[in-house]
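Worksheet for the structure shown next.
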Amino acid sequence: MNQKNPIGIIVLTSFALLTWLWSRQNPISEPNEVQNQSGLIGFYLRDAEIIGTDREGNPLYWIRATSAEEDPDNNYLILKNVTAQYNPSNNIPWVLKASHGEVSNSASYLNLSGDVQLTTENQEGIGPTTVQTIELRLEPENFIAETTAPVSVLIGSHRLEAVGFRADLRTNQLALKSNVYGQFRP
């Protein structure tokens with residue numbers, strides 16, 4: 001009998017035994033480390049609607065979006081194609097539209113970005129008033145909209161440019177903050 005055969009059998013048997021022992025190690029017996037759970041999965045909605053109510057429980061405002069996605073890492077609800085408007089019974093004719101929005105789960109405001117437009121029809125017959133900007137914060141329960149970004153205010157055929165503004169939507173008062181420039185056409 002050849003001397004190489006018994007040595008080969010011993011090597012192969014040893015290798016098989018080591019492989020079997022290695023596969024029997026229980027990974028559960030090792031301590032589990034809690035890893036950073038960033039990237040948690042939240043919920044996702046299509047055609048979402050958030051209804052804010054007054055103290056008596058009546059609808060005060062609606063925030064509608066084509067989609068809403070929870071971001072549990074940052075405690076936000078991320079909205080796309082957002083429209084916000086007040087209940088017509090409150091006589092607040094402003095309608096707000098934006099490409100994107102974020103609602104904090106712990107605060108009472110809505111941050112909007114993208115093509116943000118705040119519009120109302122004028123009662124005087126001079127056309128709608130539209131405020132355009134790239135970002136805006138709406139505090140719907142306080143009826144306040146404001147930004148520090150550049151804004152364009154269109155009142156019929158008249159135009160004002162400024163950096164920053166604050167609007168009290170309940171009283172229809174707009175305050176432009178700085179660098180105001182206007183064009184008024186007859």
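Please note that chains go A, B, ... in the order of the structure tokens, that every chain numbers its residues from 1, and that ligands are numbered from 1 in the order shown.
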
### Gly114 of chain A surroundings by only C-alpha atoms, 7 Å radius, close-in-sequence under 4 positions cut, as a ChimeraX atom specification
/A:98-100,134-135

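Neighbours of Val153 of chain A closer than or equal to 9 Å, with only C-alpha atoms counted and sequence neighbours fewer than 6 positions away skipped, come out as Thr129, Thr130, Val131, Gln132, Arg159, Leu160, Glu161 and Ala162 of chain A.
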
With C-alpha atoms kept, could you save the residues just selected as a compact mmCIF listing (two decimals), in the first residue's frame?
# COMPACT_ATOMS: atom_id res chain seq x y z
CA THR A 129 -52.07 88.56 -5.02
CA THR A 130 -49.33 85.97 -5.33
CA VAL A 131 -46.18 85.65 -3.24
CA GLN A 132 -43.47 83.52 -4.86
CA ARG A 159 -44.73 93.62 -8.85
CA LEU A 160 -42.61 93.96 -5.70
CA GLU A 161 -39.28 92.24 -5.03
CA ALA A 162 -37.81 91.87 -1.56

### Message
For segment 74-87 of chain A, find every residue with an atom within 6 Å (counting only C-alpha atoms), except residues of its own chain fewer than 6 positions away, and show them as a PyMOL selection string.
### Response
chain A and resi 60-68+95-105

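Here atom CA of Asn58 of chain A is placed at a distance of 28.1 Å from atom CA of Pro128 of chain A.
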
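Across A:Asp168, A:Pro150, A:Lys177, A:Asn90, the tightest approach to Asp54 of chain A is made by A:Asn90 when counting only C-alpha atoms.
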
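Relative to atom CA of Glu141 of chain A, atom CA of Thr53 of chain A is found at 8.5 Å.
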
### Message
Give me, as a PyMOL selection string, the residues of chain A that a backbone DSSP run labels helix (DSSP H, G or I).
### Response
chain A and resi 4-23+27-29+88-90

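Going from atom CA of Arg46 of chain A over to atom CA of Thr119 of chain A, you cover 24.7 Å.
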
Quick one: residues within 10 Å of Glu139 of chain A, only C-alpha atoms counted, chain neighbours fewer than 2 positions away excluded, as a compact mmCIF listing (two decimals) with C-alpha atoms, in the first residue's frame?
# COMPACT_ATOMS: atom_id res chain seq x y z
CA ALA A 107 -43.69 71.30 16.22
CA SER A 108 -46.68 73.15 14.81
CA TYR A 109 -45.21 74.45 11.57
CA LEU A 110 -44.78 73.38 7.98
CA ASN A 111 -41.53 74.08 6.11
CA LEU A 136 -41.45 79.40 3.41
CA ARG A 137 -42.50 78.47 6.94
CA GLU A 141 -52.63 77.57 13.76
CA ASN A 142 -51.21 81.11 14.14
CA PHE A 143 -52.04 82.09 10.51
CA ILE A 144 -48.42 83.20 9.94
CA ALA A 145 -46.30 82.63 6.81
CA GLU A 146 -42.72 83.89 6.65
CA ASP A 168 -50.51 87.49 8.85
